[in-house]
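Okay, data05.cif is below, mmCIF, C-alpha atoms:
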```
data_my_file
loop_
_atom_site.label_atom_id
_atom_site.label_comp_id
_atom_site.auth_asym_id
_atom_site.auth_seq_id
_atom_site.Cartn_x
_atom_site.Cartn_y
_atom_site.Cartn_z
CA ALA A 792 -93.86 24.08 -139.03
CA ARG A 793 -91.13 25.61 -136.90
CA TYR A 794 -89.49 23.64 -134.09
CA GLY A 795 -91.86 20.81 -134.97
CA VAL A 796 -94.89 22.94 -134.11
CA GLY A 797 -97.59 23.58 -136.71
CA PHE A 798 -99.61 26.78 -136.65
CA TRP A 799 -103.05 27.27 -138.17
CA LYS A 800 -104.07 30.86 -138.73
CA PRO A 801 -107.48 32.27 -137.76
CA GLY A 802 -109.94 31.38 -140.50
CA SER A 803 -108.35 27.97 -141.18
CA GLY A 804 -111.36 26.19 -139.73
CA ILE A 805 -112.35 24.46 -136.53
CA ILE A 806 -109.33 22.62 -135.16
CA HIS A 807 -110.77 19.13 -134.68
CA GLN A 808 -111.81 19.07 -138.33
CA ILE A 809 -108.34 20.27 -139.34
CA PHE A 810 -106.97 17.43 -137.23
CA LEU A 811 -109.15 14.85 -139.00
CA GLU A 812 -108.16 16.17 -142.43
CA ASN A 813 -104.44 16.44 -141.78
CA TYR A 814 -103.16 14.56 -138.75
CA ALA A 815 -105.44 11.71 -137.63
CA PHE A 816 -104.80 8.18 -138.86
CA PRO A 817 -105.73 4.60 -137.86
CA GLY A 818 -103.92 3.36 -134.74
CA LEU A 819 -102.94 6.85 -133.58
CA LEU A 820 -102.84 7.70 -129.87
CA THR A 821 -103.06 11.42 -129.20
CA ILE A 822 -104.21 13.90 -126.60
CA GLY A 823 -105.49 17.39 -127.31
CA THR A 824 -106.66 20.39 -125.31
CA ASP A 825 -110.06 20.33 -126.97
CA SER A 826 -113.06 18.39 -125.70
CA HIS A 827 -113.76 17.44 -129.32
CA THR A 828 -110.38 15.80 -129.84
CA PRO A 829 -112.19 12.39 -130.01
CA ASN A 830 -113.35 13.45 -133.48
CA GLY A 831 -110.20 11.62 -134.60
CA GLY A 832 -111.84 8.33 -133.61
CA GLY A 833 -113.64 8.59 -136.94
CA LEU A 834 -110.30 7.67 -138.52
CA GLY A 835 -109.58 4.84 -136.11
CA GLY A 836 -107.42 6.85 -133.72
CA LEU A 837 -107.61 6.84 -129.93
CA CYS A 838 -107.85 10.59 -129.39
CA VAL A 839 -108.48 11.97 -125.90
CA GLY A 840 -109.32 15.51 -124.83
CA VAL A 841 -107.37 16.70 -121.78
CA GLY A 842 -106.74 19.82 -119.74
CA GLY A 843 -103.89 22.20 -120.46
CA ALA A 844 -101.79 20.94 -117.53
CA ASP A 845 -101.84 17.37 -118.89
CA ALA A 846 -100.78 18.60 -122.32
CA VAL A 847 -97.90 20.60 -120.84
CA ASP A 848 -96.69 17.51 -118.98
CA VAL A 849 -96.62 15.51 -122.21
CA MET A 850 -94.82 18.29 -124.08
CA ALA A 851 -92.23 18.30 -121.30
CA GLY A 852 -91.70 14.56 -121.68
CA ILE A 853 -93.58 13.57 -118.51
CA PRO A 854 -95.73 10.42 -118.86
CA TRP A 855 -99.44 11.02 -119.12
CA GLU A 856 -101.37 8.99 -116.55
CA LEU A 857 -104.99 7.89 -116.80
CA LYS A 858 -107.09 5.59 -114.67
CA CYS A 859 -107.74 2.50 -116.76
CA PRO A 860 -111.13 3.09 -118.40
CA LYS A 861 -113.90 0.60 -118.89
CA VAL A 862 -114.83 -0.24 -122.48
CA ILE A 863 -118.42 0.01 -123.71
CA GLY A 864 -119.01 -1.85 -126.96
CA VAL A 865 -121.70 -0.59 -129.32
CA ARG A 866 -122.62 -3.23 -131.89
CA LEU A 867 -124.02 -1.70 -135.08
CA SER A 868 -126.01 -3.78 -137.54
CA GLY A 869 -128.00 -2.94 -140.69
CA GLU A 870 -127.72 0.26 -142.73
CA LEU A 871 -129.11 3.76 -142.27
CA GLN A 872 -132.38 4.45 -144.07
CA GLY A 873 -133.99 7.64 -145.38
CA TRP A 874 -133.04 10.79 -143.50
CA ALA A 875 -131.35 8.94 -140.64
CA SER A 876 -127.73 10.06 -140.38
CA PRO A 877 -124.65 8.92 -138.43
CA LYS A 878 -125.39 11.62 -135.86
CA ASP A 879 -128.58 9.77 -134.93
CA VAL A 880 -126.44 6.90 -133.65
CA ILE A 881 -124.91 9.02 -130.90
CA LEU A 882 -128.20 10.84 -130.23
CA LYS A 883 -129.85 7.48 -129.57
CA LEU A 884 -126.89 6.30 -127.51
CA ALA A 885 -127.11 9.45 -125.39
CA GLY A 886 -130.71 8.55 -124.65
CA ILE A 887 -129.60 5.09 -123.53
CA LEU A 888 -126.52 6.00 -121.49
CA THR A 889 -127.48 9.55 -120.33
CA VAL A 890 -124.94 12.34 -119.90
CA LYS A 891 -123.07 10.38 -117.23
CA GLY A 892 -123.23 6.87 -118.65
CA GLY A 893 -119.95 7.07 -120.50
CA THR A 894 -117.92 8.55 -117.65
CA GLY A 895 -114.67 6.68 -117.12
CA ALA A 896 -115.19 4.61 -120.27
CA ILE A 897 -114.07 4.37 -123.87
CA VAL A 898 -116.86 3.70 -126.35
CA GLU A 899 -115.85 1.31 -129.11
CA TYR A 900 -118.14 0.74 -132.09
CA PHE A 901 -118.08 -2.57 -133.92
CA GLY A 902 -120.24 -4.91 -135.98
CA PRO A 903 -121.25 -5.09 -139.64
CA GLY A 904 -123.06 -1.75 -139.54
CA VAL A 905 -119.84 0.25 -139.23
CA GLU A 906 -118.93 -0.60 -142.83
CA SER A 907 -121.88 1.43 -144.12
CA LEU A 908 -120.89 4.65 -142.34
CA SER A 909 -118.81 7.44 -143.85
CA CYS A 910 -115.55 8.49 -142.24
CA THR A 911 -116.83 12.00 -141.46
CA GLY A 912 -120.02 10.46 -140.07
CA MET A 913 -117.98 8.31 -137.71
CA GLY A 914 -116.03 11.41 -136.74
CA THR A 915 -119.26 13.14 -135.79
CA ILE A 916 -120.31 10.17 -133.64
CA CYS A 917 -116.97 10.14 -131.82
CA ASN A 918 -117.01 13.92 -131.52
CA MET A 919 -120.29 13.82 -129.62
CA GLY A 920 -119.11 11.11 -127.22
CA ALA A 921 -118.27 14.00 -124.92
CA GLU A 922 -122.02 14.48 -124.43
CA ILE A 923 -122.21 11.17 -122.56
CA GLY A 924 -119.03 11.81 -120.58
CA ALA A 925 -116.91 9.26 -122.46
CA THR A 926 -113.13 9.41 -122.20
CA THR A 927 -113.10 8.93 -125.97
CA SER A 928 -114.77 6.92 -128.74
CA VAL A 929 -113.30 4.93 -131.59
CA PHE A 930 -114.22 2.95 -134.70
CA PRO A 931 -112.38 0.04 -136.35
CA TYR A 932 -110.64 0.67 -139.65
CA THR A 933 -113.04 0.58 -142.60
CA GLU A 934 -112.89 1.13 -146.36
CA SER A 935 -114.50 4.55 -145.98
CA MET A 936 -111.54 5.62 -143.82
CA GLY A 937 -109.22 4.51 -146.60
CA ARG A 938 -111.15 6.56 -149.15
CA TYR A 939 -111.05 9.58 -146.84
CA LEU A 940 -107.30 9.26 -146.32
CA SER A 941 -106.79 9.05 -150.08
CA ALA A 942 -109.05 12.04 -150.72
CA THR A 943 -107.05 14.12 -148.23
CA GLY A 944 -103.70 13.28 -149.78
CA ARG A 945 -102.69 10.40 -147.52
CA SER A 946 -102.95 7.38 -149.82
CA GLN A 947 -99.73 5.92 -148.43
CA ILE A 948 -101.28 5.69 -144.95
CA ALA A 949 -104.46 4.19 -146.42
CA ASN A 950 -102.46 1.50 -148.21
CA LEU A 951 -100.51 0.68 -145.06
CA ALA A 952 -103.64 0.56 -142.89
CA SER A 953 -105.32 -1.78 -145.37
CA LYS A 954 -102.50 -4.29 -144.86
CA TYR A 955 -103.06 -4.39 -141.11
CA THR A 956 -106.84 -4.16 -140.88
CA ARG A 957 -107.08 -7.02 -138.41
CA ASN A 958 -104.84 -5.14 -135.99
CA LEU A 959 -106.90 -1.95 -136.09
CA LEU A 960 -109.78 -2.77 -133.71
CA SER A 961 -111.50 -5.23 -136.05
CA SER A 962 -112.94 -7.34 -133.25
CA ASP A 963 -114.83 -10.56 -133.84
CA GLU A 964 -118.45 -10.37 -132.74
CA GLU A 965 -118.17 -13.58 -130.77
CA ASP A 966 -115.51 -11.88 -128.61
CA ALA A 967 -117.85 -9.10 -127.53
CA SER A 968 -118.70 -10.47 -124.09
CA ARG A 969 -115.01 -10.96 -123.35
CA LEU A 970 -113.75 -7.63 -124.72
CA TYR A 971 -116.34 -5.21 -123.38
CA ASP A 972 -117.68 -4.34 -119.94
CA ARG A 973 -121.07 -3.66 -121.52
CA VAL A 974 -122.50 -4.20 -124.99
CA ILE A 975 -125.29 -2.07 -126.52
CA ASP A 976 -127.00 -3.07 -129.78
CA ILE A 977 -128.24 -0.52 -132.33
CA ASN A 978 -129.90 -1.61 -135.58
CA LEU A 979 -129.17 1.11 -138.13
CA SER A 980 -131.96 -0.12 -140.40
CA GLU A 981 -134.51 0.69 -137.68
CA LEU A 982 -132.90 3.90 -136.47
CA GLU A 983 -135.04 7.03 -136.92
CA PRO A 984 -133.80 10.61 -137.15
CA HIS A 985 -133.59 11.93 -133.59
CA VAL A 986 -133.98 15.31 -131.91
CA ASN A 987 -132.33 15.62 -128.50
CA GLY A 988 -133.29 18.17 -125.87
CA PRO A 989 -134.48 20.58 -124.76
CA PHE A 990 -132.54 21.29 -121.58
CA THR A 991 -130.23 18.25 -121.76
CA PRO A 992 -128.55 16.36 -124.61
CA ASP A 993 -129.68 12.94 -123.36
CA LEU A 994 -133.40 13.66 -123.76
CA ALA A 995 -133.70 11.74 -127.02
CA SER A 996 -136.83 11.76 -129.17
CA PRO A 997 -137.21 9.73 -132.38
CA ILE A 998 -138.78 12.03 -134.96
CA SER A 999 -142.00 9.99 -134.93
CA GLN A 1000 -142.42 10.73 -131.22
CA LEU A 1001 -141.16 14.32 -131.13
CA GLY A 1002 -144.59 15.98 -131.41
CA ALA A 1003 -146.15 13.84 -128.69
CA ASN A 1004 -143.15 14.31 -126.40
CA ALA A 1005 -143.20 18.08 -126.95
CA ARG A 1006 -146.89 18.31 -126.09
CA ALA A 1007 -146.53 16.06 -123.05
CA GLY A 1008 -143.56 18.05 -121.77
CA ASN A 1009 -145.13 21.43 -122.57
CA TRP A 1010 -142.09 22.35 -124.65
CA PRO A 1011 -142.11 25.47 -126.86
CA MET A 1012 -143.91 24.52 -130.07
CA ASP A 1013 -142.96 27.43 -132.34
CA ILE A 1014 -139.56 27.52 -134.05
CA SER A 1015 -138.49 31.05 -134.92
CA VAL A 1016 -134.73 30.66 -135.36
CA GLY A 1017 -132.49 27.80 -136.50
CA LEU A 1018 -128.75 27.80 -135.80
CA ILE A 1019 -126.37 25.53 -137.70
CA GLY A 1020 -123.15 25.27 -135.70
CA SER A 1021 -119.81 24.00 -136.97
CA CYS A 1022 -118.59 22.36 -133.76
CA THR A 1023 -120.44 19.07 -134.13
CA ASN A 1024 -121.65 19.67 -137.69
CA SER A 1025 -118.13 20.18 -138.92
CA SER A 1026 -118.10 17.99 -142.03
CA TYR A 1027 -119.39 18.75 -145.51
CA GLU A 1028 -121.78 15.82 -145.07
CA ASP A 1029 -123.44 17.45 -142.06
CA MET A 1030 -123.46 20.92 -143.58
CA GLY A 1031 -124.88 19.57 -146.84
CA ARG A 1032 -127.83 17.99 -145.04
CA ALA A 1033 -128.54 21.17 -143.10
CA ALA A 1034 -128.36 23.24 -146.27
CA SER A 1035 -130.75 20.84 -148.02
CA VAL A 1036 -133.30 21.19 -145.22
CA ALA A 1037 -132.98 24.99 -145.38
CA ARG A 1038 -133.49 25.00 -149.16
CA GLN A 1039 -136.56 22.81 -148.86
CA ALA A 1040 -137.99 25.11 -146.19
CA LEU A 1041 -137.45 28.14 -148.42
CA ASN A 1042 -139.13 26.36 -151.32
CA LYS A 1043 -142.14 25.76 -149.10
CA GLY A 1044 -142.28 29.42 -148.17
CA ILE A 1045 -141.18 28.89 -144.57
#
```

Please render this file's structure as structure tokens.
Amino acid sequence: ARYGVGFWKPGSGIIHQIFLENYAFPGLLTIGTDSHTPNGGGLGGLCVGVGGADAVDVMAGIPWELKCPKVIGVRLSGELQGWASPKDVILKLAGILTVKGGTGAIVEYFGPGVESLSCTGMGTICNMGAEIGATTSVFPYTESMGRYLSATGRSQIANLASKYTRNLLSSDEEDASRLYDRVIDINLSELEPHVNGPFTPDLASPISQLGANARAGNWPMDISVGLIGSCTNSSYEDMGRAASVARQALNKGI
């Protein structure tokens, strides 16, 4: 880095994944000129996407101002089953809150269910908070974050974070009504894989209801092309699942 500025060449990868792998850490407060900056919430950071003018102000030493957001608490219980993935958490939440339900709010996940989620999975959930209009999203520090920090060469940060777990958004469940403006409960053990759309990301269909919803809505029934994007599906975990589905389809002659 020159003058304290790092530069990532074309081909290095999508920037919010680079950020998660190299810069994000528990307790961090950062702003970025990318709507997917909240991806860093998967490592316990409060990461907010802003416009270029706001970023210039901060670089010039001018305080960044933000209207105090509300806080929506999402209590997670149970553990994911079968093909359900962390992404299904935010797909379901989008169906509950709609594309405007998170506007002017920070979404904070808590509860025993967070311990069963991978760090990259939590990053994906926070990444997609933009789809509900949230200012940002964040998870409390978990052991999976520590493993991720160690795997990406940041064991010292993991060790330090582990000493101060109680200070890194590890809220007591009995405090929920006091800490949050609204609390939403999601049982991971009952959560199905979801498909959202068409036309809007808050039209959520559990996989068991997708066929009936498609027929009732007169949606296109034939799938001719599948696109796997790296913006939301930016982790190896996501890509691995997509590749597995593609391999199974090929094996079935599709």

The PyMOL selection byres ((chain A and resi 972-980) around 8) applied to the shown file, residues as a count of residues only = 21

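Minimum distance to A:Pro877 across A:Met919, A:Ala896, A:Ile809, A:Val847 (counting all atoms listed in the file) occurs at A:Met919.
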
Fewer than 2 positions away in the same chain doesn't count, so skip those; otherwise give me all residues within 7 Å of stretch 906-918 of chain A, counting all atoms listed in the file, as a list in words.
-> His827, Pro829, Asn830, Gly831, Gly832, Gly833, Leu834, Glu870, Pro877, Lys878, Val880, Ile881, Pro903, Gly904, Gly920, Ala921, Ser928, Val929, Thr933, Ser935, Met936, Tyr939, Thr1023 and Ser1026 of chain A

Could you write out as a list of chain:residue names the residues that the PyMOL selection byres ((chain A and resi 959) around 8) matches in the shown file?
->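 That expression, the PyMOL selection byres ((chain A and resi 959) around 8), corresponds here to A:Pro817, A:Gly818, A:Gly835, A:Pro931, A:Tyr932, A:Ala952, A:Tyr955, A:Thr956, A:Arg957, A:Asn958, A:Leu960, A:Ser961.
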
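In this model, the gap between atom CA of A:Leu1001 and atom CA of A:Val986 comes to 7.3 Å.
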
Nearest to A:Ala949 among A:Phe901, A:Tyr794, A:Phe816, A:Trp855, with distances taken over only C-alpha atoms: which residue is it?
-> A:Phe816

Taking the file as shown, find all residues satisfying the PyMOL selection byres ((chain A and resi 886-895) around 7) and write them as an MDAnalysis selection string.
-> chainID A and resid 860:861 882:885 896 922:926 993:995

Using C-alpha atoms, can you write the selected residues to a file as a CSV table (one decimal), keeping the file's coordinate frame?
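The result, stored in part.csv:
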```csv
chain,number,residue,atom,x,y,z
A,860,PRO,CA,-111.1,3.1,-118.4
A,861,LYS,CA,-113.9,0.6,-118.9
A,882,LEU,CA,-128.2,10.8,-130.2
A,883,LYS,CA,-129.8,7.5,-129.6
A,884,LEU,CA,-126.9,6.3,-127.5
A,885,ALA,CA,-127.1,9.4,-125.4
A,896,ALA,CA,-115.2,4.6,-120.3
A,922,GLU,CA,-122.0,14.5,-124.4
A,923,ILE,CA,-122.2,11.2,-122.6
A,924,GLY,CA,-119.0,11.8,-120.6
A,925,ALA,CA,-116.9,9.3,-122.5
A,926,THR,CA,-113.1,9.4,-122.2
A,993,ASP,CA,-129.7,12.9,-123.4
A,994,LEU,CA,-133.4,13.7,-123.8
A,995,ALA,CA,-133.7,11.7,-127.0
```

Counting all atoms listed in the file, the option among A:Cys1022, A:Val796, A:Val905, A:Ala1037 closest to A:Ser826 =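 Ranking A:Cys1022, A:Val796, A:Val905, A:Ala1037 by distance to A:Ser826, first place goes to A:Cys1022.
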
Once 6 Å is added on each side, what centre and edge lengths in Å to one decimal does the axis-aligned box around all listed atoms of stretch 985-992 of chain A have, as AutoDock Vina command-line options?
```
--center_x -131.5 --center_y 16.6 --center_z -127.6 --size_x 17.9 --size_y 21.4 --size_z 24.0
```

Length of the atom CA of A:Met1012 to atom CA of A:Pro984 vector [Å] = 18.6 Å

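Restricting the calculation to all atoms listed in the file, the smallest distance between A:Leu837 and any of A:Thr927, A:Ser941, A:Gly795, A:Asp1029 is found for A:Thr927.
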
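Between atom CA of A:Tyr900 and atom CA of A:Glu934 lies a distance of 15.2 Å.
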
Restrict the calculation to all atoms listed in the file, then for each residue of stretch 855-880 of chain A with any atom at most 12 Å from an atom of stretch 996-1000 of chain A give the closest atom pair and their distance in Å to one decimal, rows by chain and rising residue number, as CSV.
```
residue,atom,partner,partner_atom,distance
A:Trp874,CA,A:Ile998,CA,10.4
A:Ala875,CA,A:Ile998,CA,9.8
A:Asp879,CA,A:Pro997,CA,9.0
A:Val880,CA,A:Pro997,CA,11.2
```

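Distances here use only C-alpha atoms; by that measure, the residue among A:Phe930, A:Ala851, A:Ser803, A:Pro1011 closest to A:Gly836 is A:Phe930.
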
Selected residue, from A:Ile806, A:Cys838, A:Met850, A:Leu940, that lies nearest to A:Leu820 when counting only C-alpha atoms =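 Nearest to A:Leu820: A:Cys838.
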